[in-house]
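The file model28.cif contains mmCIF, C-alpha atoms:
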data_data
#
loop_
_atom_site.group_PDB
_atom_site.id
_atom_site.type_symbol
_atom_site.label_atom_id
_atom_site.label_comp_id
_atom_site.auth_asym_id
_atom_site.auth_seq_id
_atom_site.Cartn_x
_atom_site.Cartn_y
_atom_site.Cartn_z
ATOM 1 C CA MET U 1 91.854 184.683 82.618
ATOM 2 C CA THR U 2 93.357 182.668 85.450
ATOM 3 C CA VAL U 3 96.482 180.542 85.713
ATOM 4 C CA ASP U 4 96.322 177.548 88.030
ATOM 5 C CA PRO U 5 99.703 176.958 89.766
ATOM 6 C CA ASN U 6 99.617 173.259 88.836
ATOM 7 C CA VAL U 7 98.945 174.128 85.207
ATOM 8 C CA PHE U 8 101.757 176.697 85.185
ATOM 9 C CA LEU U 9 104.186 174.166 86.660
ATOM 10 C CA ALA U 10 103.128 171.620 84.012
ATOM 11 C CA ILE U 11 103.669 174.183 81.236
ATOM 12 C CA LEU U 12 107.151 174.955 82.581
ATOM 13 C CA ALA U 13 107.995 171.246 82.749
ATOM 14 C CA MET U 14 106.851 170.761 79.148
ATOM 15 C CA ALA U 15 108.800 173.852 78.040
ATOM 16 C CA ALA U 16 111.970 172.663 79.790
ATOM 17 C CA ALA U 17 111.688 169.202 78.203
ATOM 18 C CA THR U 18 111.175 170.726 74.754
ATOM 19 C CA VAL U 19 114.074 173.197 75.051
ATOM 20 C CA LEU U 20 116.294 170.332 76.219
ATOM 21 C CA THR U 21 115.515 168.229 73.126
ATOM 22 C CA ARG U 22 115.976 171.184 70.750
ATOM 23 C CA ILE U 23 119.338 172.247 72.203
ATOM 24 C CA SER U 24 120.840 168.820 72.820
ATOM 25 C CA GLY U 25 121.178 168.013 69.107
ATOM 26 C CA LEU U 26 123.509 171.008 68.729
ATOM 27 C CA LEU U 27 125.565 169.868 71.725
ATOM 28 C CA LEU U 28 125.550 166.287 70.449
ATOM 29 C CA ILE U 29 127.213 167.111 67.120
ATOM 30 C CA ARG U 30 130.030 168.917 68.944
ATOM 31 C CA PHE U 31 131.023 165.904 71.012
ATOM 32 C CA VAL U 32 129.736 162.680 69.475
ATOM 33 C CA THR U 33 129.952 161.019 66.095
ATOM 34 C CA ILE U 34 126.888 158.904 65.424
ATOM 35 C CA GLY U 35 127.443 155.545 63.703
ATOM 36 C CA PRO U 36 125.006 153.940 61.254
ATOM 37 C CA GLN U 37 123.410 151.642 63.847
ATOM 38 C CA GLN U 38 122.856 154.490 66.339
ATOM 39 C CA ARG U 39 121.426 156.581 63.528
ATOM 40 C CA ARG U 40 118.918 153.859 62.607
ATOM 41 C CA ALA U 41 117.889 153.477 66.260
ATOM 42 C CA LEU U 42 117.393 157.258 66.560
ATOM 43 C CA GLU U 43 115.468 157.346 63.286
ATOM 44 C CA ALA U 44 113.064 154.691 64.592
ATOM 45 C CA ILE U 45 112.070 156.887 67.552
ATOM 46 C CA PRO U 46 109.752 159.413 65.816
ATOM 47 C CA PRO U 47 107.480 156.883 64.046
ATOM 48 C CA ALA U 48 107.519 154.602 67.109
ATOM 49 C CA VAL U 49 106.493 157.470 69.418
ATOM 50 C CA LEU U 50 103.755 158.668 67.047
ATOM 51 C CA MET U 51 102.421 155.111 66.700
ATOM 52 C CA ALA U 52 102.443 154.648 70.487
ATOM 53 C CA VAL U 53 100.569 157.921 70.991
ATOM 54 C CA ILE U 54 97.741 157.043 68.607
ATOM 55 C CA ALA U 55 97.579 153.250 69.109
ATOM 56 C CA PRO U 56 95.152 153.267 72.091
ATOM 57 C CA THR U 57 92.849 155.745 70.291
ATOM 58 C CA ALA U 58 93.083 154.014 66.918
ATOM 59 C CA LEU U 59 92.902 150.386 68.044
ATOM 60 C CA VAL U 60 91.015 149.966 71.330
ATOM 61 C CA THR U 61 88.643 152.929 71.664
ATOM 62 C CA GLY U 62 85.939 151.765 69.264
ATOM 63 C CA PRO U 63 85.114 150.957 65.628
ATOM 64 C CA ALA U 64 84.471 154.625 64.742
ATOM 65 C CA GLU U 65 88.007 155.656 65.769
ATOM 66 C CA THR U 66 89.633 152.641 64.082
ATOM 67 C CA LEU U 67 87.739 153.331 60.859
ATOM 68 C CA ALA U 68 88.619 157.035 60.955
ATOM 69 C CA ALA U 69 92.317 156.291 61.593
ATOM 70 C CA LEU U 70 92.358 153.978 58.544
ATOM 71 C CA ALA U 71 90.570 156.579 56.422
ATOM 72 C CA THR U 72 93.077 159.262 57.517
ATOM 73 C CA ALA U 73 96.054 157.027 56.693
ATOM 74 C CA LEU U 74 94.645 156.315 53.222
ATOM 75 C CA ALA U 75 93.828 159.993 52.636
ATOM 76 C CA ALA U 76 97.372 160.967 53.717
ATOM 77 C CA THR U 77 98.840 159.016 50.774
ATOM 78 C CA ARG U 78 96.998 161.298 48.313
ATOM 79 C CA LEU U 79 95.892 164.512 50.042
ATOM 80 C CA PRO U 80 97.706 167.355 51.836
ATOM 81 C CA LEU U 81 97.760 167.450 55.653
ATOM 82 C CA LEU U 82 94.665 169.563 56.216
ATOM 83 C CA ALA U 83 92.458 167.603 53.816
ATOM 84 C CA ALA U 84 93.596 164.295 55.331
ATOM 85 C CA VAL U 85 92.867 165.547 58.856
ATOM 86 C CA ALA U 86 89.444 166.816 57.731
ATOM 87 C CA THR U 87 88.739 163.365 56.263
ATOM 88 C CA GLY U 88 89.475 161.756 59.627
ATOM 89 C CA VAL U 89 87.308 164.239 61.537
ATOM 90 C CA ILE U 90 84.357 163.775 59.158
ATOM 91 C CA VAL U 91 84.644 159.971 59.139
ATOM 92 C CA VAL U 92 84.755 159.772 62.941
ATOM 93 C CA ALA U 93 81.762 162.122 63.325
ATOM 94 C CA VAL U 94 79.674 160.228 60.737
ATOM 95 C CA ALA U 95 80.684 156.806 62.108
ATOM 96 C CA ARG U 96 79.815 157.829 65.671
ATOM 97 C CA ALA U 97 76.441 159.112 64.511
ATOM 98 C CA LEU U 98 75.723 155.857 62.639
ATOM 99 C CA ILE U 99 77.065 153.419 65.246
ATOM 100 C CA GLY U 100 75.966 155.554 68.172
ATOM 101 C CA ALA U 101 79.265 155.330 70.039
ATOM 102 C CA MET C 1 106.676 180.018 53.280
ATOM 103 C CA ALA C 2 103.214 181.633 53.248
ATOM 104 C CA PRO C 3 101.436 178.257 52.772
ATOM 105 C CA LEU C 4 103.178 176.964 55.892
ATOM 106 C CA ILE C 5 101.851 179.854 57.961
ATOM 107 C CA VAL C 6 98.336 179.423 56.539
ATOM 108 C CA ALA C 7 98.483 175.677 57.252
ATOM 109 C CA VAL C 8 99.322 176.172 60.922
ATOM 110 C CA MET C 9 96.286 178.406 61.524
ATOM 111 C CA PRO C 10 93.565 175.730 61.720
ATOM 112 C CA ILE C 11 95.825 173.478 63.803
ATOM 113 C CA GLY C 12 96.349 176.337 66.280
ATOM 114 C CA LEU C 13 92.590 176.968 66.362
ATOM 115 C CA VAL C 14 91.862 173.274 66.966
ATOM 116 C CA PHE C 15 94.481 173.115 69.705
ATOM 117 C CA GLY C 16 92.955 176.126 71.452
ATOM 118 C CA ALA C 17 89.458 174.659 71.182
ATOM 119 C CA VAL C 18 90.521 171.221 72.461
ATOM 120 C CA ALA C 19 92.441 172.835 75.358
ATOM 121 C CA ALA C 20 89.416 174.960 76.291
ATOM 122 C CA SER C 21 87.252 171.818 76.334
ATOM 123 C CA LYS C 22 89.717 170.306 78.841
ATOM 124 C CA GLY C 23 89.159 173.275 81.150
ATOM 125 C CA LEU C 24 92.236 175.406 80.418
ATOM 126 C CA SER C 25 91.743 179.174 80.567
ATOM 127 C CA SER C 26 92.634 181.295 77.527
ATOM 128 C CA LEU C 27 95.685 182.628 79.354
ATOM 129 C CA GLU C 28 96.849 179.088 80.155
ATOM 130 C CA VAL C 29 96.394 178.055 76.521
ATOM 131 C CA THR C 30 98.368 181.090 75.324
ATOM 132 C CA LEU C 31 101.181 180.485 77.830
ATOM 133 C CA MET C 32 101.472 176.845 76.785
ATOM 134 C CA SER C 33 101.693 177.688 73.077
ATOM 135 C CA ALA C 34 104.188 180.498 73.782
ATOM 136 C CA PHE C 35 106.485 178.521 76.119
ATOM 137 C CA VAL C 36 106.254 175.016 74.647
ATOM 138 C CA PHE C 37 105.659 175.804 70.941
ATOM 139 C CA ALA C 38 105.551 172.126 69.964
ATOM 140 C CA GLY C 39 102.140 171.134 68.613
ATOM 141 C CA GLY C 40 102.604 167.362 68.876
ATOM 142 C CA SER C 41 103.493 167.421 72.557
ATOM 143 C CA GLN C 42 100.772 169.994 73.287
ATOM 144 C CA PHE C 43 98.108 167.747 71.715
ATOM 145 C CA VAL C 44 99.451 164.722 73.594
ATOM 146 C CA ALA C 45 99.280 166.789 76.807
ATOM 147 C CA MET C 46 95.575 167.415 76.126
ATOM 148 C CA ASP C 47 95.038 163.687 75.617
ATOM 149 C CA ILE C 48 96.471 162.833 79.052
ATOM 150 C CA TRP C 49 95.329 166.040 80.813
ATOM 151 C CA SER C 50 94.196 165.542 84.420
ATOM 152 C CA HIS C 51 92.909 167.695 87.258
ATOM 153 C CA PRO C 52 95.089 168.752 88.946
ATOM 154 C CA ALA C 53 97.643 168.790 86.143
ATOM 155 C CA SER C 54 100.577 166.443 86.765
ATOM 156 C CA TRP C 55 103.807 168.282 85.858
ATOM 157 C CA ALA C 56 105.851 165.078 85.993
ATOM 158 C CA ALA C 57 103.630 163.119 83.579
ATOM 159 C CA LEU C 58 103.252 166.074 81.210
ATOM 160 C CA GLY C 59 106.965 166.964 81.255
ATOM 161 C CA PHE C 60 107.903 163.330 80.688
ATOM 162 C CA SER C 61 105.475 162.902 77.802
ATOM 163 C CA ALA C 62 106.729 166.160 76.212
ATOM 164 C CA LEU C 63 110.276 164.803 76.482
ATOM 165 C CA LEU C 64 109.273 161.556 74.766
ATOM 166 C CA VAL C 65 107.201 163.149 72.035
ATOM 167 C CA ASN C 66 109.883 165.746 71.281
ATOM 168 C CA ILE C 67 112.900 163.449 71.468
ATOM 169 C CA ARG C 68 112.923 163.543 67.645
ATOM 170 C CA HIS C 69 114.047 167.180 67.976
ATOM 171 C CA VAL C 70 117.453 165.903 69.141
ATOM 172 C CA LEU C 71 117.985 164.354 65.704
ATOM 173 C CA MET C 72 116.455 167.322 63.898
ATOM 174 C CA SER C 73 118.635 169.904 65.665
ATOM 175 C CA ALA C 74 121.736 167.731 65.190
ATOM 176 C CA SER C 75 120.981 167.547 61.474
ATOM 177 C CA ILE C 76 120.121 171.200 60.833
ATOM 178 C CA GLY C 77 122.915 172.353 63.183
ATOM 179 C CA THR C 78 125.521 171.093 60.704
ATOM 180 C CA LYS C 79 123.950 173.317 58.014
ATOM 181 C CA MET C 80 124.238 176.608 59.917
ATOM 182 C CA PRO C 81 127.827 177.834 59.363
ATOM 183 C CA ALA C 82 126.415 181.291 58.517
ATOM 184 C CA PHE C 83 124.819 181.595 61.981
ATOM 185 C CA SER C 84 126.607 183.116 64.998
ATOM 186 C CA GLY C 85 126.772 180.923 68.111
ATOM 187 C CA PRO C 86 123.883 182.641 69.951
ATOM 188 C CA ALA C 87 121.814 182.831 66.741
ATOM 189 C CA LYS C 88 122.200 179.055 66.319
ATOM 190 C CA TYR C 89 120.820 178.413 69.817
ATOM 191 C CA ALA C 90 118.029 180.976 69.367
ATOM 192 C CA ALA C 91 117.093 179.244 66.099
ATOM 193 C CA MET C 92 116.825 175.896 67.931
ATOM 194 C CA LEU C 93 114.248 177.336 70.356
ATOM 195 C CA LEU C 94 111.910 177.806 67.359
ATOM 196 C CA LEU C 95 112.657 174.421 65.754
ATOM 197 C CA ALA C 96 109.143 173.078 65.118
ATOM 198 C CA ASP C 97 108.736 170.137 62.703
ATOM 199 C CA GLU C 98 107.502 172.344 59.864
ATOM 200 C CA ILE C 99 110.297 174.917 60.369
ATOM 201 C CA TRP C 100 112.842 172.131 60.380
ATOM 202 C CA ALA C 101 111.490 170.548 57.203
ATOM 203 C CA MET C 102 111.490 173.913 55.375
ATOM 204 C CA ALA C 103 114.998 174.775 56.601
ATOM 205 C CA GLU C 104 116.358 171.374 55.484
ATOM 206 C CA THR C 105 114.789 171.889 52.055
ATOM 207 C CA ARG C 106 116.269 175.387 51.840
ATOM 208 C CA ALA C 107 119.727 174.209 52.977
ATOM 209 C CA ALA C 108 119.742 171.632 50.186
ATOM 210 C CA GLN C 109 119.382 174.426 47.585
ATOM 211 C CA ALA C 110 121.086 177.500 49.075
ATOM 212 C CA ARG C 111 123.132 178.700 52.027
ATOM 213 C CA LEU C 112 120.879 178.901 55.081
ATOM 214 C CA SER C 113 120.962 182.463 56.474
ATOM 215 C CA ALA C 114 119.808 183.629 59.894
ATOM 216 C CA ALA C 115 117.588 186.282 58.275
ATOM 217 C CA TRP C 116 115.817 183.703 56.084
ATOM 218 C CA TYR C 117 115.271 181.431 59.084
ATOM 219 C CA ALA C 118 113.919 184.265 61.257
ATOM 220 C CA GLY C 119 111.629 185.389 58.431
ATOM 221 C CA LEU C 120 110.048 181.935 58.465
ATOM 222 C CA ALA C 121 110.142 181.005 62.161
ATOM 223 C CA VAL C 122 109.113 184.269 63.839
ATOM 224 C CA PRO C 123 105.781 184.783 61.963
ATOM 225 C CA PHE C 124 105.077 181.052 62.327
ATOM 226 C CA TYR C 125 105.589 181.343 66.093
ATOM 227 C CA PHE C 126 103.248 184.308 66.513
ATOM 228 C CA VAL C 127 100.545 182.755 64.310
ATOM 229 C CA TRP C 128 100.690 179.590 66.439
ATOM 230 C CA VAL C 129 100.330 181.523 69.707
ATOM 231 C CA LEU C 130 97.582 183.845 68.427
ATOM 232 C CA THR C 131 95.480 181.126 66.750
ATOM 233 C CA SER C 132 95.728 179.017 69.945
ATOM 234 C CA LEU C 133 94.308 181.969 71.863
ATOM 235 C CA ALA C 134 91.577 182.523 69.265
ATOM 236 C CA GLY C 135 90.702 178.807 69.315
ATOM 237 C CA SER C 136 90.392 178.760 73.087
ATOM 238 C CA VAL C 137 88.006 181.731 72.990
ATOM 239 C CA ALA C 138 85.950 180.203 70.160
ATOM 240 C CA GLY C 139 86.099 176.761 71.778
ATOM 241 C CA ALA C 140 84.223 177.998 74.830
ATOM 242 C CA PHE C 141 81.270 178.745 72.512
ATOM 243 C CA LEU C 142 81.745 175.620 70.403
ATOM 244 C CA GLY C 143 80.740 173.238 73.182
ATOM 245 C CA ASP C 144 81.743 169.572 73.141
ATOM 246 C CA PRO C 145 84.323 169.025 70.352
ATOM 247 C CA LYS C 146 83.473 165.305 70.414
ATOM 248 C CA ALA C 147 80.047 165.913 68.887
ATOM 249 C CA ILE C 148 81.572 167.117 65.608
ATOM 250 C CA GLY C 149 84.614 164.829 65.721
ATOM 251 C CA LEU C 150 87.072 167.635 66.535
ATOM 252 C CA ASP C 151 88.624 165.550 69.300
ATOM 253 C CA PHE C 152 89.877 163.281 66.501
ATOM 254 C CA ALA C 153 91.783 166.155 64.828
ATOM 255 C CA PHE C 154 95.029 165.500 66.661
ATOM 256 C CA PRO C 155 95.097 161.710 66.321
ATOM 257 C CA ALA C 156 94.470 162.445 62.631
ATOM 258 C CA VAL C 157 97.422 164.879 62.505
ATOM 259 C CA PHE C 158 99.617 162.165 64.024
ATOM 260 C CA VAL C 159 98.402 159.581 61.514
ATOM 261 C CA VAL C 160 99.379 161.935 58.671
ATOM 262 C CA LEU C 161 102.809 162.694 60.199
ATOM 263 C CA LEU C 162 103.288 158.985 60.763
ATOM 264 C CA MET C 163 102.637 158.200 57.104
ATOM 265 C CA GLY C 164 105.433 160.659 56.259
ATOM 266 C CA PHE C 165 107.925 158.397 58.058
ATOM 267 C CA TRP C 166 107.001 155.311 56.011
ATOM 268 C CA LYS C 167 110.091 153.817 54.361
ATOM 269 C CA GLY C 168 108.909 150.277 53.626
ATOM 270 C CA ARG C 169 108.688 146.969 55.490
ATOM 271 C CA GLU C 170 111.222 147.902 58.146
ATOM 272 C CA THR C 171 108.988 150.818 59.191
ATOM 273 C CA GLY C 172 106.094 148.358 59.295
ATOM 274 C CA ALA C 173 107.975 146.205 61.808
ATOM 275 C CA VAL C 174 108.758 149.258 63.967
ATOM 276 C CA LEU C 175 105.110 150.380 63.901
ATOM 277 C CA ALA C 176 103.737 146.910 64.676
ATOM 278 C CA ALA C 177 106.077 146.503 67.652
ATOM 279 C CA SER C 178 105.276 149.998 68.922
ATOM 280 C CA ALA C 179 101.502 149.572 68.539
ATOM 281 C CA ALA C 180 101.467 146.190 70.307
ATOM 282 C CA ALA C 181 103.589 147.405 73.224
ATOM 283 C CA ALA C 182 101.630 150.651 73.555
ATOM 284 C CA VAL C 183 98.186 149.017 73.576
ATOM 285 C CA LEU C 184 99.296 146.358 76.064
ATOM 286 C CA THR C 185 100.893 148.917 78.399
ATOM 287 C CA HIS C 186 97.921 151.257 78.067
ATOM 288 C CA GLN C 187 95.583 148.471 79.226
ATOM 289 C CA LEU C 188 97.805 147.551 82.182
ATOM 290 C CA LEU C 189 99.239 150.827 83.512
ATOM 291 C CA SER C 190 97.789 154.303 83.963
ATOM 292 C CA GLY C 191 99.713 157.412 82.895
ATOM 293 C CA VAL C 192 101.973 157.883 79.868
ATOM 294 C CA TRP C 193 104.098 154.742 80.216
ATOM 295 C CA TYR C 194 102.496 153.411 77.034
ATOM 296 C CA ILE C 195 104.358 156.076 75.033
ATOM 297 C CA ALA C 196 107.706 155.025 76.519
ATOM 298 C CA ALA C 197 106.867 151.330 75.973
ATOM 299 C CA GLY C 198 105.948 151.932 72.327
ATOM 300 C CA ALA C 199 109.100 153.980 71.674
ATOM 301 C CA ALA C 200 111.307 151.332 73.279
ATOM 302 C CA ALA C 201 109.623 148.474 71.377
ATOM 303 C CA GLY C 202 110.091 150.340 68.080
ATOM 304 C CA VAL C 203 113.802 150.910 68.710
ATOM 305 C CA ILE C 204 114.293 147.284 69.788
ATOM 306 C CA ALA C 205 112.568 146.139 66.581
ATOM 307 C CA THR C 206 115.051 148.203 64.526
ATOM 308 C CA LEU C 207 118.031 146.792 66.408
ATOM 309 C CA VAL C 208 116.770 143.204 65.950
ATOM 310 C CA ILE C 209 116.362 143.791 62.201
ATOM 311 C CA ASP C 210 119.900 145.233 62.117
ATOM 312 C CA GLN C 211 121.359 142.152 63.799
ATOM 313 C CA ARG C 212 119.506 139.802 61.462
ATOM 314 C CA ARG C 213 120.810 141.768 58.492
ATOM 315 C CA GLU C 214 124.358 141.453 59.807
ATOM 316 C CA ALA C 215 123.875 137.737 60.458
ATOM 317 C CA CYS C 216 122.749 137.238 56.843
ATOM 318 C CA ALA C 217 125.566 139.325 55.364
#

Entire entry expressed as structure tokens:
Amino acid sequence: MTVDPNVFLAILAMAAATVLTRISGLLLIRFVTIGPQQRRALEAIPPAVLMAVIAPTALVTGPAETLAALATALAATRLPLLAAVATGVIVVAVARALIGA
Amino acid sequence: MAPLIVAVMPIGLVFGAVAASKGLSSLEVTLMSAFVFAGGSQFVAMDIWSHPASWAALGFSALLVNIRHVLMSASIGTKMPAFSGPAKYAAMLLLADEIWAMAETRAAQARLSAAWYAGLAVPFYFVWVLTSLAGSVAGAFLGDPKAIGLDFAFPAVFVVLLMGFWKGRETGAVLAASAAAAVLTHQLLSGVWYIAAGAAAGVIATLVIDQRREACA
């Protein structure tokens, strides 16, 4: 049960960044009106960020990860979150065992 | 709201286990879940975790991953006339994606009350913190999460969330631009710049489509 000072600092930085994003929407609606083009640009951020986060894992890590990402995406169109995630985990484990990566 | 709280349990357990495999102590895992309380950014932090931990890279990546909360709090903030000023800000501190989605659904049907919101968000918060702790303790016994594919749990969560944002071909263009920019940047630069590059490329793609649409109209 130890806390490394570097880890604690990192946790505080992450917490500060998160609080900032959660509060700033409230402040934003008090001062700014958002037009349709700004709204579309803001709406593009969440999928773009999620895609950027998973792209290196899904596309350039290996065939097992690419296959599992595809399987998860397909499963997500039909299954609830947990089942889709389980599909991805099982596919990546089986594919790694078969391909040996 | 019970299903929501049940659904967060395994994700908290997986987060704790993944964090333990990266060398975080149970106390560190618990503090992160309690102070940050944003699963997406916590999983991303584990992906880019280094020794010693880099507060700048982790804070910056949390900012990028959570920037969607600006939109979410702006949207739900307009639906909280029944909240006092301080209650509104306190509510924002617990604005996780799932809480937000439930609150938006509720606001569409009934007047959103502070008591209803607290009844959802407070148990959700404690379940997240406690399952993270439990996962970190169990994870130490579990060994290498890679062997059973558990390391893929969070990319899989992101894939599922991503599919929820699909709105047709325009989303496809945003995703293609983001993926290309992220992979290229990831190959060339170390650190989390690939997340910023992907976000920027996605936004630029939307703006280009907008201009084309205006040019055609």

Interface list for chain U, partner chain C, 7 Å threshold, all atoms listed in the file, as a PDB file with C-alpha atoms, in the coordinates of the input:
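Output contents, as saved in result18.pdb:
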ATOM      1  CA  MET U   1      91.854 184.683  82.618  1.00  0.00           C
ATOM      2  CA  THR U   2      93.357 182.668  85.450  1.00  0.00           C
ATOM      3  CA  VAL U   3      96.482 180.542  85.713  1.00  0.00           C
ATOM      4  CA  ASN U   6      99.617 173.259  88.836  1.00  0.00           C
ATOM      5  CA  VAL U   7      98.945 174.128  85.207  1.00  0.00           C
ATOM      6  CA  LEU U   9     104.186 174.166  86.660  1.00  0.00           C
ATOM      7  CA  ALA U  10     103.128 171.620  84.012  1.00  0.00           C
ATOM      8  CA  ILE U  11     103.669 174.183  81.236  1.00  0.00           C
ATOM      9  CA  ALA U  13     107.995 171.246  82.749  1.00  0.00           C
ATOM     10  CA  MET U  14     106.851 170.761  79.148  1.00  0.00           C
ATOM     11  CA  ALA U  15     108.800 173.852  78.040  1.00  0.00           C
ATOM     12  CA  ALA U  17     111.688 169.202  78.203  1.00  0.00           C
ATOM     13  CA  THR U  18     111.175 170.726  74.754  1.00  0.00           C
ATOM     14  CA  VAL U  19     114.074 173.197  75.051  1.00  0.00           C
ATOM     15  CA  THR U  21     115.515 168.229  73.126  1.00  0.00           C
ATOM     16  CA  ARG U  22     115.976 171.184  70.750  1.00  0.00           C
ATOM     17  CA  ILE U  23     119.338 172.247  72.203  1.00  0.00           C
ATOM     18  CA  SER U  24     120.840 168.820  72.820  1.00  0.00           C
ATOM     19  CA  GLY U  25     121.178 168.013  69.107  1.00  0.00           C
ATOM     20  CA  LEU U  26     123.509 171.008  68.729  1.00  0.00           C
ATOM     21  CA  LEU U  28     125.550 166.287  70.449  1.00  0.00           C
ATOM     22  CA  ILE U  29     127.213 167.111  67.120  1.00  0.00           C
ATOM     23  CA  ALA U  41     117.889 153.477  66.260  1.00  0.00           C
ATOM     24  CA  ALA U  44     113.064 154.691  64.592  1.00  0.00           C
ATOM     25  CA  ILE U  45     112.070 156.887  67.552  1.00  0.00           C
ATOM     26  CA  PRO U  46     109.752 159.413  65.816  1.00  0.00           C
ATOM     27  CA  PRO U  47     107.480 156.883  64.046  1.00  0.00           C
ATOM     28  CA  ALA U  48     107.519 154.602  67.109  1.00  0.00           C
ATOM     29  CA  VAL U  49     106.493 157.470  69.418  1.00  0.00           C
ATOM     30  CA  LEU U  50     103.755 158.668  67.047  1.00  0.00           C
ATOM     31  CA  MET U  51     102.421 155.111  66.700  1.00  0.00           C
ATOM     32  CA  ALA U  52     102.443 154.648  70.487  1.00  0.00           C
ATOM     33  CA  VAL U  53     100.569 157.921  70.991  1.00  0.00           C
ATOM     34  CA  ILE U  54      97.741 157.043  68.607  1.00  0.00           C
ATOM     35  CA  ALA U  55      97.579 153.250  69.109  1.00  0.00           C
ATOM     36  CA  PRO U  56      95.152 153.267  72.091  1.00  0.00           C
ATOM     37  CA  ALA U  69      92.317 156.291  61.593  1.00  0.00           C
ATOM     38  CA  THR U  72      93.077 159.262  57.517  1.00  0.00           C
ATOM     39  CA  ALA U  73      96.054 157.027  56.693  1.00  0.00           C
ATOM     40  CA  ALA U  76      97.372 160.967  53.717  1.00  0.00           C
ATOM     41  CA  LEU U  81      97.760 167.450  55.653  1.00  0.00           C
ATOM     42  CA  VAL U  85      92.867 165.547  58.856  1.00  0.00           C
ATOM     43  CA  GLY U  88      89.475 161.756  59.627  1.00  0.00           C
ATOM     44  CA  VAL U  89      87.308 164.239  61.537  1.00  0.00           C
ATOM     45  CA  ILE U  90      84.357 163.775  59.158  1.00  0.00           C
ATOM     46  CA  VAL U  92      84.755 159.772  62.941  1.00  0.00           C
ATOM     47  CA  ALA U  93      81.762 162.122  63.325  1.00  0.00           C
TER      48      ALA U  93
END

Calculate how many Å separate atom CA of Leu13 of chain C from atom CA of Ser136 of chain C, rounding to one decimal.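 Between atom CA of Leu13 of chain C and atom CA of Ser136 of chain C the gap works out to 7.3 Å.
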
Shortest interatomic distance to Gly39 of chain C - which of C:Arg213, C:Gly12, C:Leu133, C:Thr105, counting all atoms listed in the file: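 For Gly39 of chain C, the nearest of the given residues is C:Gly12.
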
Any chance you could work out the axis-aligned box around segment 36-48 of chain U, listed atoms only, 3 Å on each side, giving centre and edge lengths in Å to one decimal, as JSON?
{"center_x": 116.2, "center_y": 155.5, "center_z": 64.4, "size_x": 23.5, "size_y": 13.8, "size_z": 12.3}

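Separating atom CA of Gly16 of chain C from atom CA of Val129 of chain C is a distance of 9.3 Å.
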
Hey, what's within 6 Å of segment 64-66 of chain U if we count all atoms listed in the file and toss same-chain stuff fewer than 2 positions away? As number ranges by chain, please? U: 58-59, 62, 68-69, 92, 95-96

Selection from above, C-alpha atoms, as an mmCIF file, in the coordinates of the input, can you write it?
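Ended up saving to result.cif:
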data_model
loop_
_atom_site.group_PDB
_atom_site.id
_atom_site.type_symbol
_atom_site.label_atom_id
_atom_site.label_comp_id
_atom_site.auth_asym_id
_atom_site.auth_seq_id
_atom_site.Cartn_x
_atom_site.Cartn_y
_atom_site.Cartn_z
ATOM 1 C CA ALA U 58 93.083 154.014 66.918
ATOM 2 C CA LEU U 59 92.902 150.386 68.044
ATOM 3 C CA GLY U 62 85.939 151.765 69.264
ATOM 4 C CA ALA U 68 88.619 157.035 60.955
ATOM 5 C CA ALA U 69 92.317 156.291 61.593
ATOM 6 C CA VAL U 92 84.755 159.772 62.941
ATOM 7 C CA ALA U 95 80.684 156.806 62.108
ATOM 8 C CA ARG U 96 79.815 157.829 65.671
#

Selection under test: the PyMOL selection byres ((chain C and resi 106-122) around 7); residues as a PyMOL selection string: chain C and resi 1+79-80+82-83+94+99+102-105+123-126

Gly139 of chain C environment, 8 Å, only C-alpha atoms, sequence neighbours closer than 2 positions dropped, as a PDB file with C-alpha atoms, keeping the file's coordinate frame:
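This went into around.pdb:
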ATOM      1  CA  GLY C  16      92.955 176.126  71.452  1.00  0.00           C
ATOM      2  CA  ALA C  17      89.458 174.659  71.182  1.00  0.00           C
ATOM      3  CA  VAL C  18      90.521 171.221  72.461  1.00  0.00           C
ATOM      4  CA  ALA C  20      89.416 174.960  76.291  1.00  0.00           C
ATOM      5  CA  SER C  21      87.252 171.818  76.334  1.00  0.00           C
ATOM      6  CA  GLY C 135      90.702 178.807  69.315  1.00  0.00           C
ATOM      7  CA  SER C 136      90.392 178.760  73.087  1.00  0.00           C
ATOM      8  CA  VAL C 137      88.006 181.731  72.990  1.00  0.00           C
ATOM      9  CA  PHE C 141      81.270 178.745  72.512  1.00  0.00           C
ATOM     10  CA  LEU C 142      81.745 175.620  70.403  1.00  0.00           C
ATOM     11  CA  GLY C 143      80.740 173.238  73.182  1.00  0.00           C
TER      12      GLY C 143
END
